>>> print(open('my_file.cif').read())   # mmCIF, C-alpha atoms and all ligand atoms
data_structure
loop_
_atom_site.label_atom_id
_atom_site.label_comp_id
_atom_site.auth_asym_id
_atom_site.auth_seq_id
_atom_site.Cartn_x
_atom_site.Cartn_y
_atom_site.Cartn_z
CA MET E 25 35.47 -18.21 8.33
CA LEU E 26 32.82 -16.55 10.44
CA PRO E 27 33.92 -15.81 14.01
CA LEU E 28 31.66 -17.02 16.83
CA HIS E 29 28.17 -15.76 15.92
CA LEU E 30 26.72 -14.50 19.19
CA THR E 31 23.21 -14.07 17.73
CA GLY E 32 22.85 -17.85 17.49
CA LEU E 33 23.72 -18.60 21.12
CA THR E 34 21.12 -19.39 23.76
CA LEU E 35 21.45 -17.48 27.02
CA ALA E 36 23.04 -20.58 28.60
CA GLU E 37 25.60 -20.86 25.78
CA LEU E 38 26.37 -17.17 26.01
CA SER E 39 26.96 -17.57 29.77
CA GLU E 40 29.40 -20.40 29.06
CA PHE E 41 31.20 -18.24 26.56
CA ALA E 42 31.32 -15.30 28.98
CA ALA E 43 32.83 -17.67 31.57
CA THR E 44 35.66 -18.56 29.18
CA LEU E 45 36.43 -14.83 29.05
CA GLY E 46 36.41 -14.77 32.86
CA GLU E 47 33.18 -12.78 32.91
CA PRO E 48 30.29 -13.32 35.35
CA ALA E 49 26.87 -14.57 34.19
CA TYR E 50 25.24 -11.15 34.42
CA ARG E 51 27.49 -9.95 31.60
CA ALA E 52 26.06 -12.68 29.39
CA LYS E 53 22.59 -11.40 30.23
CA GLN E 54 23.61 -7.89 29.25
CA ILE E 55 25.06 -9.08 25.96
CA PHE E 56 21.97 -11.20 25.25
CA ALA E 57 19.69 -8.24 25.95
CA GLY E 58 21.91 -6.02 23.80
CA ILE E 59 21.55 -8.35 20.82
CA HIS E 60 17.94 -9.48 21.19
CA ALA E 61 16.00 -6.96 23.30
CA ARG E 62 17.79 -3.76 22.26
CA ARG E 63 18.58 -5.24 18.84
CA LEU E 64 22.01 -3.60 18.69
CA ARG E 65 24.05 -4.72 15.74
CA SER E 66 27.53 -4.44 17.27
CA PRO E 67 29.18 -4.72 20.69
CA THR E 68 30.45 -1.17 20.06
CA GLU E 69 26.93 0.02 20.86
CA MET E 70 26.70 -1.96 24.10
CA THR E 71 27.92 0.90 26.23
CA ASP E 72 26.76 -0.81 29.42
CA LEU E 73 29.70 -3.21 29.01
CA PRO E 74 33.23 -2.34 30.09
CA LYS E 75 35.39 -1.09 27.24
CA GLU E 76 37.80 -4.03 27.47
CA LEU E 77 34.98 -6.54 27.18
CA ARG E 78 33.57 -4.74 24.14
CA ALA E 79 37.03 -4.83 22.58
CA LYS E 80 37.31 -8.58 23.25
CA LEU E 81 33.89 -9.24 21.75
CA ILE E 82 34.72 -7.24 18.66
CA GLU E 83 37.99 -9.12 18.27
CA GLN E 84 36.69 -12.64 18.86
CA THR E 85 33.04 -12.68 17.85
CA THR E 86 30.39 -11.20 15.60
CA VAL E 87 26.77 -10.17 16.04
CA GLU E 88 26.12 -9.66 12.33
CA SER E 89 26.54 -12.45 9.85
CA LEU E 90 24.06 -11.57 7.11
CA ARG E 91 24.88 -8.81 4.67
CA LEU E 92 21.83 -6.99 3.37
CA GLU E 93 22.06 -6.79 -0.41
CA SER E 94 18.70 -5.28 -1.36
CA ARG E 95 15.37 -4.33 0.05
CA TYR E 96 12.28 -4.31 -2.15
CA ILE E 97 9.10 -2.51 -1.15
CA SER E 98 5.75 -3.60 -2.58
CA SER E 99 2.87 -1.28 -3.41
CA ASP E 100 1.00 -3.04 -0.57
CA GLY E 101 3.76 -2.19 1.94
CA THR E 102 5.29 -5.67 2.07
CA ARG E 103 9.08 -5.62 2.23
CA ARG E 104 11.45 -8.25 0.92
CA TYR E 105 15.01 -8.40 2.19
CA LEU E 106 17.66 -10.19 0.21
CA PHE E 107 20.71 -11.03 2.27
CA LYS E 108 23.94 -12.86 1.58
CA THR E 109 25.46 -15.17 4.16
CA HIS E 110 29.15 -14.87 5.03
CA ASP E 111 29.80 -17.59 2.44
CA GLY E 112 27.87 -15.73 -0.25
CA LEU E 113 24.53 -17.59 -0.29
CA PRO E 114 21.13 -15.91 -0.60
CA VAL E 115 18.68 -15.61 2.30
CA GLU E 116 15.31 -13.89 2.01
CA THR E 117 12.96 -12.52 4.62
CA VAL E 118 9.60 -10.83 4.17
CA PHE E 119 7.92 -8.23 6.38
CA ILE E 120 4.16 -8.12 5.93
CA PRO E 121 2.34 -5.15 7.47
CA GLU E 122 -1.18 -5.99 8.58
CA GLU E 123 -4.06 -4.06 10.09
CA ARG E 124 -3.66 -5.65 13.46
CA ARG E 125 -0.38 -7.41 14.01
CA ASP E 126 2.44 -7.41 11.46
CA THR E 127 4.05 -10.66 10.32
CA ILE E 128 7.64 -11.55 9.55
CA CYS E 129 8.23 -14.53 7.28
CA PHE E 130 11.69 -16.07 7.71
CA SER E 131 13.67 -18.63 5.74
CA SER E 132 15.10 -21.80 7.22
CA GLN E 133 17.39 -22.81 4.36
CA SER E 134 19.23 -21.08 1.55
CA GLY E 135 17.39 -22.53 -1.44
CA CYS E 136 15.33 -25.70 -0.91
CA PRO E 137 15.86 -29.39 -1.70
CA LEU E 138 12.18 -30.17 -2.29
CA GLN E 139 11.06 -29.96 -5.85
CA CYS E 140 7.52 -28.66 -5.65
CA THR E 141 6.67 -27.79 -9.23
CA PHE E 142 4.72 -24.62 -8.37
CA CYS E 143 7.41 -23.03 -6.19
CA LEU E 144 10.16 -20.77 -7.45
CA THR E 145 12.48 -21.52 -4.52
CA ALA E 146 12.74 -25.11 -5.77
CA GLN E 147 14.67 -23.85 -8.76
CA LEU E 148 17.60 -22.89 -6.53
CA GLY E 149 18.00 -26.40 -5.14
CA LEU E 150 19.39 -26.69 -1.62
CA LEU E 151 22.35 -24.40 -1.07
CA ARG E 152 22.63 -25.10 2.65
CA ASN E 153 20.83 -25.18 5.98
CA LEU E 154 20.79 -21.88 7.85
CA THR E 155 22.17 -21.74 11.36
CA ALA E 156 20.00 -20.76 14.33
CA GLY E 157 21.84 -17.43 14.36
CA GLU E 158 21.05 -16.78 10.71
CA ILE E 159 17.38 -17.48 11.39
CA VAL E 160 17.25 -15.17 14.43
CA GLU E 161 19.19 -12.43 12.67
CA GLN E 162 16.65 -12.21 9.84
CA ILE E 163 14.01 -11.29 12.41
CA ILE E 164 16.17 -8.74 14.19
CA VAL E 165 17.02 -6.93 10.95
CA ALA E 166 13.40 -6.94 9.73
CA LEU E 167 12.17 -5.59 13.10
CA ASN E 168 14.79 -2.84 13.12
CA ASP E 169 13.93 -1.84 9.58
CA ALA E 170 10.19 -1.81 10.20
CA TYR E 171 10.09 -0.08 13.60
CA GLY E 172 13.54 1.38 14.25
CA GLU E 173 16.46 -0.09 16.16
CA GLY E 174 15.21 -1.68 19.36
CA VAL E 175 11.73 -0.13 19.08
CA GLU E 176 8.90 -2.38 20.31
CA PRO E 177 6.40 -3.34 17.60
CA PRO E 178 3.16 -1.59 18.61
CA HIS E 179 1.08 -4.80 18.56
CA GLY E 180 3.81 -7.42 18.79
CA THR E 181 4.64 -9.48 15.71
CA ASN E 182 3.74 -12.86 14.37
CA LEU E 183 6.43 -15.02 12.83
CA VAL E 184 5.93 -17.57 10.10
CA GLY E 185 8.53 -20.08 8.97
CA MET E 186 7.23 -20.02 5.42
CA GLY E 187 10.14 -18.48 3.57
CA ALA E 188 12.70 -20.39 1.53
CA GLY E 189 13.49 -23.94 2.55
CA GLU E 190 11.90 -26.81 4.39
CA PRO E 191 12.09 -25.98 8.12
CA PHE E 192 11.67 -29.62 9.16
CA LEU E 193 14.79 -30.61 7.24
CA ASN E 194 16.66 -28.14 9.45
CA PHE E 195 14.80 -29.03 12.60
CA GLU E 196 17.51 -28.62 15.20
CA ALA E 197 18.48 -25.10 14.12
CA LEU E 198 14.80 -24.18 13.84
CA ILE E 199 13.98 -25.29 17.36
CA LYS E 200 17.08 -23.63 18.74
CA ALA E 201 16.17 -20.36 16.98
CA ILE E 202 12.68 -20.52 18.47
CA ARG E 203 14.18 -21.04 21.92
CA ILE E 204 16.31 -17.92 21.48
CA ILE E 205 13.43 -15.89 20.03
CA LYS E 206 11.07 -16.61 22.91
CA GLU E 207 13.43 -15.42 25.70
CA PRO E 208 11.73 -12.78 27.86
CA ASN E 209 15.10 -11.07 28.17
CA GLY E 210 15.34 -10.91 24.35
CA LEU E 211 12.96 -10.70 21.38
CA HIS E 212 10.28 -12.29 23.54
CA ILE E 213 8.17 -13.59 20.67
CA VAL E 214 6.46 -16.61 22.19
CA PRO E 215 5.88 -19.88 20.26
CA ASN E 216 2.15 -19.13 20.31
CA ARG E 217 2.91 -16.27 17.91
CA ILE E 218 4.97 -18.48 15.59
CA THR E 219 3.73 -20.79 12.81
CA VAL E 220 6.02 -23.21 11.05
CA SER E 221 5.06 -24.77 7.75
CA THR E 222 6.17 -28.14 6.40
CA ALA E 223 5.72 -29.86 3.07
CA GLY E 224 5.22 -33.05 5.07
CA VAL E 225 8.34 -34.37 6.81
CA VAL E 226 6.39 -36.96 8.79
CA PRO E 227 8.90 -37.92 11.53
CA LYS E 228 9.37 -34.26 12.46
CA ILE E 229 5.62 -33.65 12.67
CA ARG E 230 5.56 -36.38 15.29
CA GLU E 231 8.62 -34.93 17.01
CA LEU E 232 7.03 -31.48 17.15
CA ALA E 233 3.98 -33.02 18.81
CA SER E 234 6.20 -34.07 21.71
CA ILE E 235 7.61 -30.60 22.34
CA ALA E 236 5.69 -28.78 25.07
CA ASP E 237 6.34 -25.14 24.21
CA ARG E 238 6.06 -25.38 20.45
CA PRO E 239 5.02 -23.20 17.53
CA HIS E 240 1.82 -23.67 15.55
CA LEU E 241 1.93 -26.04 12.62
CA ALA E 242 0.89 -25.64 9.00
CA ILE E 243 1.06 -28.40 6.40
CA SER E 244 1.32 -27.75 2.68
CA LEU E 245 -1.07 -30.07 0.91
CA ALA E 246 -1.59 -28.80 -2.67
CA ALA E 247 -3.50 -31.91 -3.76
CA PRO E 248 -6.27 -34.16 -2.41
CA ASN E 249 -4.92 -37.46 -3.78
CA ASP E 250 -1.54 -39.19 -4.07
CA GLU E 251 -1.48 -39.25 -7.83
CA LEU E 252 -1.65 -35.48 -8.16
CA ARG E 253 0.42 -34.80 -5.05
CA ASN E 254 3.24 -37.06 -6.31
CA GLU E 255 3.36 -34.88 -9.38
CA LEU E 256 3.21 -31.50 -7.65
CA MET E 257 5.17 -32.29 -4.49
CA PRO E 258 7.64 -35.16 -5.00
CA ILE E 259 8.11 -35.44 -1.20
CA ASN E 260 4.76 -37.24 -1.34
CA LYS E 261 6.51 -40.29 -2.81
CA LYS E 262 8.46 -40.58 0.41
CA TRP E 263 5.60 -39.76 2.79
CA PRO E 264 2.28 -40.33 1.02
CA LEU E 265 -1.00 -38.78 2.16
CA ARG E 266 -2.03 -41.71 4.35
CA GLU E 267 1.16 -41.46 6.42
CA LEU E 268 1.11 -37.67 6.42
CA LEU E 269 -2.46 -37.43 7.60
CA SER E 270 -2.02 -40.10 10.23
CA ALA E 271 0.89 -38.06 11.65
CA CYS E 272 -1.37 -35.01 11.48
CA LYS E 273 -4.01 -36.88 13.44
CA ASP E 274 -1.47 -37.73 16.15
CA PHE E 275 -0.38 -34.11 16.18
CA GLU E 276 -3.99 -33.01 16.50
CA LYS E 277 -4.40 -35.22 19.55
CA SER E 278 -1.58 -33.31 21.23
CA LEU E 279 -3.30 -29.94 20.76
CA ALA E 280 -5.09 -28.08 23.49
CA ARG E 281 -8.90 -28.00 23.28
CA GLY E 282 -10.11 -25.70 20.54
CA GLU E 283 -6.61 -25.34 19.09
CA ARG E 284 -6.33 -26.11 15.37
CA PHE E 285 -3.58 -26.59 12.89
CA THR E 286 -3.72 -25.50 9.28
CA PHE E 287 -3.46 -27.01 5.86
CA GLU E 288 -2.25 -24.80 3.03
CA TYR E 289 -3.58 -25.50 -0.41
CA VAL E 290 -2.07 -23.58 -3.31
CA MET E 291 -4.68 -23.12 -6.03
CA LEU E 292 -3.41 -23.82 -9.51
CA ARG E 293 -5.78 -23.06 -12.37
CA ASP E 294 -7.20 -26.24 -13.99
CA VAL E 295 -4.76 -28.42 -12.04
CA ASN E 296 -6.07 -28.87 -8.50
CA ASP E 297 -9.00 -26.44 -8.26
CA SER E 298 -12.11 -28.27 -9.52
CA ASP E 299 -15.27 -28.94 -7.51
CA GLU E 300 -14.30 -32.60 -7.56
CA HIS E 301 -10.92 -31.77 -5.99
CA ALA E 302 -12.71 -29.83 -3.26
CA ARG E 303 -15.00 -32.78 -2.54
CA GLN E 304 -12.01 -35.16 -2.49
CA LEU E 305 -10.22 -32.87 -0.07
CA ALA E 306 -13.18 -32.72 2.29
CA THR E 307 -13.56 -36.52 2.15
CA LEU E 308 -9.85 -37.01 2.81
CA LEU E 309 -9.91 -34.82 5.92
CA LYS E 310 -13.10 -36.50 7.13
CA ARG E 311 -11.61 -39.96 6.58
CA HIS E 312 -8.78 -39.06 8.94
CA ALA E 313 -11.20 -37.27 11.29
CA LEU E 314 -9.15 -34.08 11.10
CA LYS E 315 -10.61 -30.82 12.36
CA ALA E 316 -7.88 -28.70 10.80
CA LYS E 317 -8.72 -25.59 8.80
CA VAL E 318 -7.66 -25.03 5.22
CA ASN E 319 -6.00 -21.89 3.89
CA LEU E 320 -6.47 -21.54 0.16
CA ILE E 321 -3.55 -19.72 -1.44
CA PRO E 322 -4.11 -18.52 -5.01
CA HIS E 323 -0.97 -19.43 -6.92
CA ASN E 324 1.59 -16.64 -7.11
CA PRO E 325 2.85 -16.79 -10.65
CA ALA E 326 6.49 -16.23 -11.57
CA GLU E 327 8.51 -16.96 -14.68
CA PRO E 328 9.20 -19.77 -15.58
CA LEU E 329 6.61 -21.60 -13.42
CA PRO E 330 4.08 -23.31 -15.71
CA TYR E 331 0.94 -22.37 -13.69
CA GLN E 332 -1.69 -19.67 -13.39
CA PRO E 333 -3.69 -18.72 -10.31
CA SER E 334 -7.25 -20.02 -10.12
CA ALA E 335 -9.87 -17.42 -10.99
CA PHE E 336 -11.57 -15.66 -8.09
CA ASP E 337 -14.94 -17.43 -8.48
CA ARG E 338 -13.21 -20.82 -8.78
CA VAL E 339 -11.49 -20.23 -5.45
CA GLU E 340 -14.80 -19.10 -3.99
CA SER E 341 -16.65 -22.18 -5.24
CA PHE E 342 -13.86 -24.44 -3.89
CA ARG E 343 -14.11 -22.72 -0.53
CA ALA E 344 -17.91 -22.99 -0.48
CA ILE E 345 -17.79 -26.74 -1.13
CA LEU E 346 -15.34 -27.24 1.74
CA GLU E 347 -17.50 -25.14 4.06
CA SER E 348 -20.66 -27.03 3.02
CA LYS E 349 -18.87 -30.16 4.24
CA ARG E 350 -17.93 -28.42 7.47
CA VAL E 351 -14.28 -27.93 6.63
CA HIS E 352 -13.30 -24.40 7.62
CA ALA E 353 -11.62 -22.75 4.70
CA PHE E 354 -10.12 -19.28 4.26
CA VAL E 355 -8.71 -17.56 1.22
CA ARG E 356 -5.32 -16.02 1.81
CA ARG E 357 -4.83 -12.61 0.23
CA PRO E 358 -1.59 -12.53 -1.76
CA ARG E 359 0.95 -10.03 -0.50
CA GLY E 360 4.03 -8.60 -2.16
CA ARG E 361 3.54 -10.28 -5.54
CA ASP E 362 4.93 -7.27 -7.40
CA ILE E 363 8.32 -7.64 -5.71
CA LEU E 364 8.44 -11.46 -5.78
CA ALA E 365 7.87 -11.63 -2.04
CA ALA E 366 4.70 -13.73 -1.98
CA CYS E 367 4.48 -17.44 -1.06
CA GLY E 368 6.61 -19.53 -3.36
CA GLN E 369 8.27 -16.56 -5.04
CA LEU E 370 11.49 -16.40 -3.04
CA ALA E 371 14.35 -17.27 -5.32
CA ALA E 372 16.85 -14.51 -4.67
CA ARG E 373 15.62 -12.73 -7.79
CA THR E 374 16.78 -9.24 -8.47
CA ASP E 375 14.69 -8.71 -11.60
CA LYS E 376 11.33 -7.02 -12.09
CA PRO E 377 11.24 -5.24 -8.78
CA VAL E 378 8.98 -2.23 -8.38
CA ASN E 379 10.15 0.66 -6.19
CA ILE E 380 13.54 -0.96 -5.91
CA GLN E 381 15.70 0.41 -3.16
CA THR E 382 19.13 -1.03 -3.00
CA VAL E 383 20.83 -0.40 0.27
CA SER E 384 24.30 -1.03 1.49
CA HIS E 385 25.47 -3.10 4.42
CA ARG E 386 23.47 -1.30 7.11
CA LEU E 387 19.98 0.04 6.78
CA ALA E 388 19.61 3.78 6.88
N1 LIG I 401 8.77 -25.92 2.66
C1 LIG I 401 7.75 -25.51 3.59
C2 LIG I 401 7.83 -24.03 3.92
C3 LIG I 401 7.50 -23.11 2.78
S1 LIG I 401 5.95 -22.41 3.08
C4 LIG I 401 6.39 -25.89 3.04
O1 LIG I 401 6.31 -26.31 1.90
O2 LIG I 401 5.41 -25.81 3.77
C5 LIG I 401 5.52 -21.80 1.54
C6 LIG I 401 4.07 -22.02 1.24
O3 LIG I 401 3.77 -21.43 -0.03
C7 LIG I 401 3.71 -23.50 1.10
O4 LIG I 401 2.44 -23.72 1.63
C8 LIG I 401 3.68 -23.68 -0.41
O5 LIG I 401 2.84 -24.75 -0.78
C9 LIG I 401 3.19 -22.36 -0.88
N2 LIG I 401 3.61 -22.03 -2.23
C10 LIG I 401 4.73 -22.43 -2.87
N3 LIG I 401 4.79 -21.90 -4.10
C11 LIG I 401 3.70 -21.13 -4.23
C12 LIG I 401 3.22 -20.30 -5.26
N4 LIG I 401 3.90 -20.13 -6.39
N5 LIG I 401 2.05 -19.65 -5.06
C13 LIG I 401 1.39 -19.76 -3.89
N6 LIG I 401 1.81 -20.52 -2.88
C14 LIG I 401 2.95 -21.20 -3.04
#
>>> encode(input="my_file.cif", output="C-alpha cells")
Amino acid sequence: MLPLHLTGLTLAELSEFAATLGEPAYRAKQIFAGIHARRLRSPTEMTDLPKELRAKLIEQTTVESLRLESRYISSDGTRRYLFKTHDGLPVETVFIPEERRDTICFSSQSGCPLQCTFCLTAQLGLLRNLTAGEIVEQIIVALNDAYGEGVEPPHGTNLVGMGAGEPFLNFEALIKAIRIIKEPNGLHIVPNRITVSTAGVVPKIRELASIADRPHLAISLAAPNDELRNELMPINKKWPLRELLSACKDFEKSLARGERFTFEYVMLRDVNDSDEHARQLATLLKRHALKAKVNLIPHNPAEPLPYQPSAFDRVESFRAILESKRVHAFVRRPRGRDILAACGQLAARTDKPVNIQTVSHRLA
C-alpha cells in the first residue's frame, strides 16, 4: 500500500497532518512549497526542515507515487511520459512545447470507460480513477523534465485535462488537484490557464458552472446529430445533444463577458466531415444560441482504429462553412503523432516510438 501521498494534500490538509506530528503550521507551508514550488521529489532534499522531521516524513509518507517507465520525444519536440502507478497501472502525460507558452496535457484516469470509437484510450477500458496527488504529480514531473527541477517556466504553462480518461467522471479529484495546482505558495498555475475537456457528462458541466474559480471548459462533440454521435460516442445515448447543448447554454450564461468555451470536433474522413455536416453543426449551435468556438482536430490515426484523418482541403472547406455562418472555427495542428502522444493516441503503447529514450525511476 502507498503511504500517505503528500503531493495530493491541500495546504490545509498538510497543516492538519503536520499538527498530528506536533509540528506548527509554518512547517506545513515549508513542506508544501518544497513539493510544489521547489518541486523537490523527496523530503531528503528539504534541507530547510529539521533532520528529525525529514526522517519522520520519509518513514511515514511519500512525495513520489508515479514511477516513470519511459519518455518518448517527438520530432516536433513533444514529449510523452509513460508512468506506472504504485499498483502497476499506466498513466500518460504529454508536454507540448509551443512558440509562446508551453502546454502540459494530463490524464485524469488510468484508461477510460467511455467507448468513443475513434480514440485509442477507449481500448484500455477504465482501469481506475487517478487520485488528486497522481494528477498533480504528472505536472510536477513534466515541469522538472522540461525546465529543470524547480525552474520557473519562462512564460508560465498552460494545462489541459485532455489526456487519458474522462475528467468529469473523476470530478472530485480533478477539482481538488486544481485547488492544489493554483496555490500561490506552490505551482501557482491559475484556473484561467487550465482547460478541462469532457465528452459530455451533463450534470458535471452544470456543477462546474457553479464553481467560482474554475478552469476553462471544452466539450468533445465529434458529430452534429444524435444518430452519428450515438455511433461515435456512446455517452450520447445517456446525454443526447439536446441535453448536452442546453447544459452548455447554462454554462455559457455563467461566463464573463467575452469569455468563450470550446467545442472539439475530431475530423474523420468520410464519416463526419462533409459540407452537410458542417452546415448541420452550424445550425445546431445557432439553435441553442451558443457563441462557443469550434476546434477542428484532424483525426490522429493509430492501429487498430478504423478511421483516417480528413484531407487538408476537406478540413479547410468545413472550417470555411462554419465561419461563413459566423461560427468561429480553428484547425488544431496535430502534435506528437509519431510517438503516439497526440489527442486520442494515449493507450500506454510502447511500440513504434521514434527517438525512444527509456529512463529509469528518476529523470537524468
Ligand atoms: N474524455 C475527455 C477528455 C479527453 S480529451 C473528452 O472526451 O473530452 C481528448 C480529445 O481528443 C477529445 O476531444 C477527443 O474527442 C479527441 N480525440 C480522441 N481520439 C482522437 C483521435 N484519434 N484523433 C484526434 N482527436 C481525438
>>> atom_distance(input="my_file.cif", atom1="atom CA of Glu158 of chain E", atom2="atom CA of Gly46 of chain E")
27.0 Å
>>> closest_atom_pairs(input="my_file.cif", of="chain E", to="ligand LIG 401 (chain I)", cutoff="8 Å", atoms="only C-alpha atoms and all ligand atoms", output="tab-separated table")
residue	atom	partner	partner_atom	distance
E:Cys136	CA	I:LIG401	N1	7.5
E:Leu138	CA	I:LIG401	N1	7.4
E:Cys140	CA	I:LIG401	C10	7.4
E:Phe142	CA	I:LIG401	N4	5.0
E:Cys143	CA	I:LIG401	N3	3.5
E:Leu144	CA	I:LIG401	N4	6.4
E:Thr145	CA	I:LIG401	N3	7.7
E:Gly185	CA	I:LIG401	C2	6.4
E:Met186	CA	I:LIG401	S1	3.6
E:Gly187	CA	I:LIG401	C3	5.4
E:Ala188	CA	I:LIG401	C3	6.0
E:Gly189	CA	I:LIG401	N1	5.1
E:Glu190	CA	I:LIG401	N1	3.7
E:Pro191	CA	I:LIG401	C1	6.3
E:Phe192	CA	I:LIG401	C1	8.0
E:Val220	CA	I:LIG401	C2	7.4
E:Ser221	CA	I:LIG401	O2	4.1
E:Thr222	CA	I:LIG401	O2	3.6
E:Ala223	CA	I:LIG401	O1	3.8
E:Gly224	CA	I:LIG401	O2	7.4
E:Ala242	CA	I:LIG401	O2	6.9
E:Ile243	CA	I:LIG401	O2	5.7
E:Ser244	CA	I:LIG401	O4	4.3
E:Leu245	CA	I:LIG401	O5	6.8
E:Ala246	CA	I:LIG401	O5	6.3
E:Phe287	CA	I:LIG401	O4	8.0
E:Glu288	CA	I:LIG401	O4	5.0
E:Tyr289	CA	I:LIG401	O5	6.5
E:Val290	CA	I:LIG401	N6	5.0
E:Met291	CA	I:LIG401	C13	7.3
E:Ile321	CA	I:LIG401	C13	5.5
E:Pro322	CA	I:LIG401	C13	5.7
E:His323	CA	I:LIG401	N5	3.6
E:Asn324	CA	I:LIG401	N5	3.7
E:Pro325	CA	I:LIG401	N4	5.5
E:Ala326	CA	I:LIG401	N4	7.0
E:Leu329	CA	I:LIG401	N4	7.7
E:Pro333	CA	I:LIG401	N5	7.8
E:Ala366	CA	I:LIG401	C13	7.1
E:Cys367	CA	I:LIG401	O3	4.2
E:Gly368	CA	I:LIG401	N3	3.1
E:Gln369	CA	I:LIG401	N4	5.8
>>> closest_residue(input="my_file.cif", among="E:Ser98, E:Asn209, E:Asn216, E:Ser89", to="Asp111 of chain E", atoms="only C-alpha atoms")
E:Ser89
>>> residues_around(input="my_file.cif", residues="Ala197 of chain E", least_positions_apart="2", cutoff="8 Å", atoms="all atoms listed in the file", output="PyMOL selection string")
chain E and resi 154-156+194-195+199-201
>>> atom_distance(input="my_file.cif", atom1="atom CA of Asp100 of chain E", atom2="atom CA of Leu167 of chain E")
17.8 Å
>>> closest_atom_pairs(input="my_file.cif", of="segment 166-253 of chain E", to="segment 266-282 of chain E", cutoff="7 Å", atoms="only C-alpha atoms", output="Markdown table")
| residue | atom | partner | partner_atom | distance |
| --- | --- | --- | --- | --- |
| E:Gly224 | CA | E:Leu268 | CA | 6.3 |
| E:Val226 | CA | E:Leu268 | CA | 5.8 |
| E:Ile229 | CA | E:Ala271 | CA | 6.5 |
| E:Arg230 | CA | E:Ala271 | CA | 6.2 |
| E:Ala233 | CA | E:Phe275 | CA | 5.2 |
>>> axis_aligned_box(input="my_file.cif", around="segment 314-325 of chain E", padding_each_side="8 Å", output="AutoDock Vina command-line options")
--center_x -3.9 --center_y -25.4 --center_z 0.9 --size_x 29.5 --size_y 33.4 --size_z 39.0
>>> residues_around(input="my_file.cif", residues="Leu305 of chain E", least_positions_apart="4", cutoff="9 Å", atoms="all atoms listed in the file", output="MDAnalysis selection string")
chainID E and resid 247:249 300:301 309:310 346
>>> residues_around(input="my_file.cif", residues="Arg104 of chain E", least_positions_apart="6", cutoff="9 Å", atoms="all atoms listed in the file", output="VMD selection string")
chain E and resid 94 to 98 116 to 120 360 363 to 365
>>> atom_distance(input="my_file.cif", atom1="atom CA of Cys129 of chain E", atom2="atom CA of Val165 of chain E")
12.2 Å
>>> closest_residue(input="my_file.cif", among="E:Ala313, E:Phe41, E:Gly157, E:Leu252", to="Pro264 of chain E", atoms="all atoms listed in the file")
E:Leu252
>>> closest_residue(input="my_file.cif", among="E:Asp297, E:Ala36, E:Glu347, E:Gly210", to="Phe56 of chain E", atoms="all atoms listed in the file")
E:Gly210
>>> closest_residue(input="my_file.cif", among="E:Ala43, E:Ala371, E:Ala302, E:Val184", to="Lys349 of chain E", atoms="only C-alpha atoms")
E:Ala302
>>> closest_residue(input="my_file.cif", among="E:Glu83, E:Asp72, E:Asp237, E:Glu88", to="Glu161 of chain E", atoms="all atoms listed in the file")
E:Glu88
>>> residues_near_point(input="my_file.cif", point="(22.5, -9.3, 18.7)", cutoff="9 Å", atoms="all atoms listed in the file", output="MDAnalysis selection string")
chainID E and resid 30:32 55:67 86:88 160:161 164
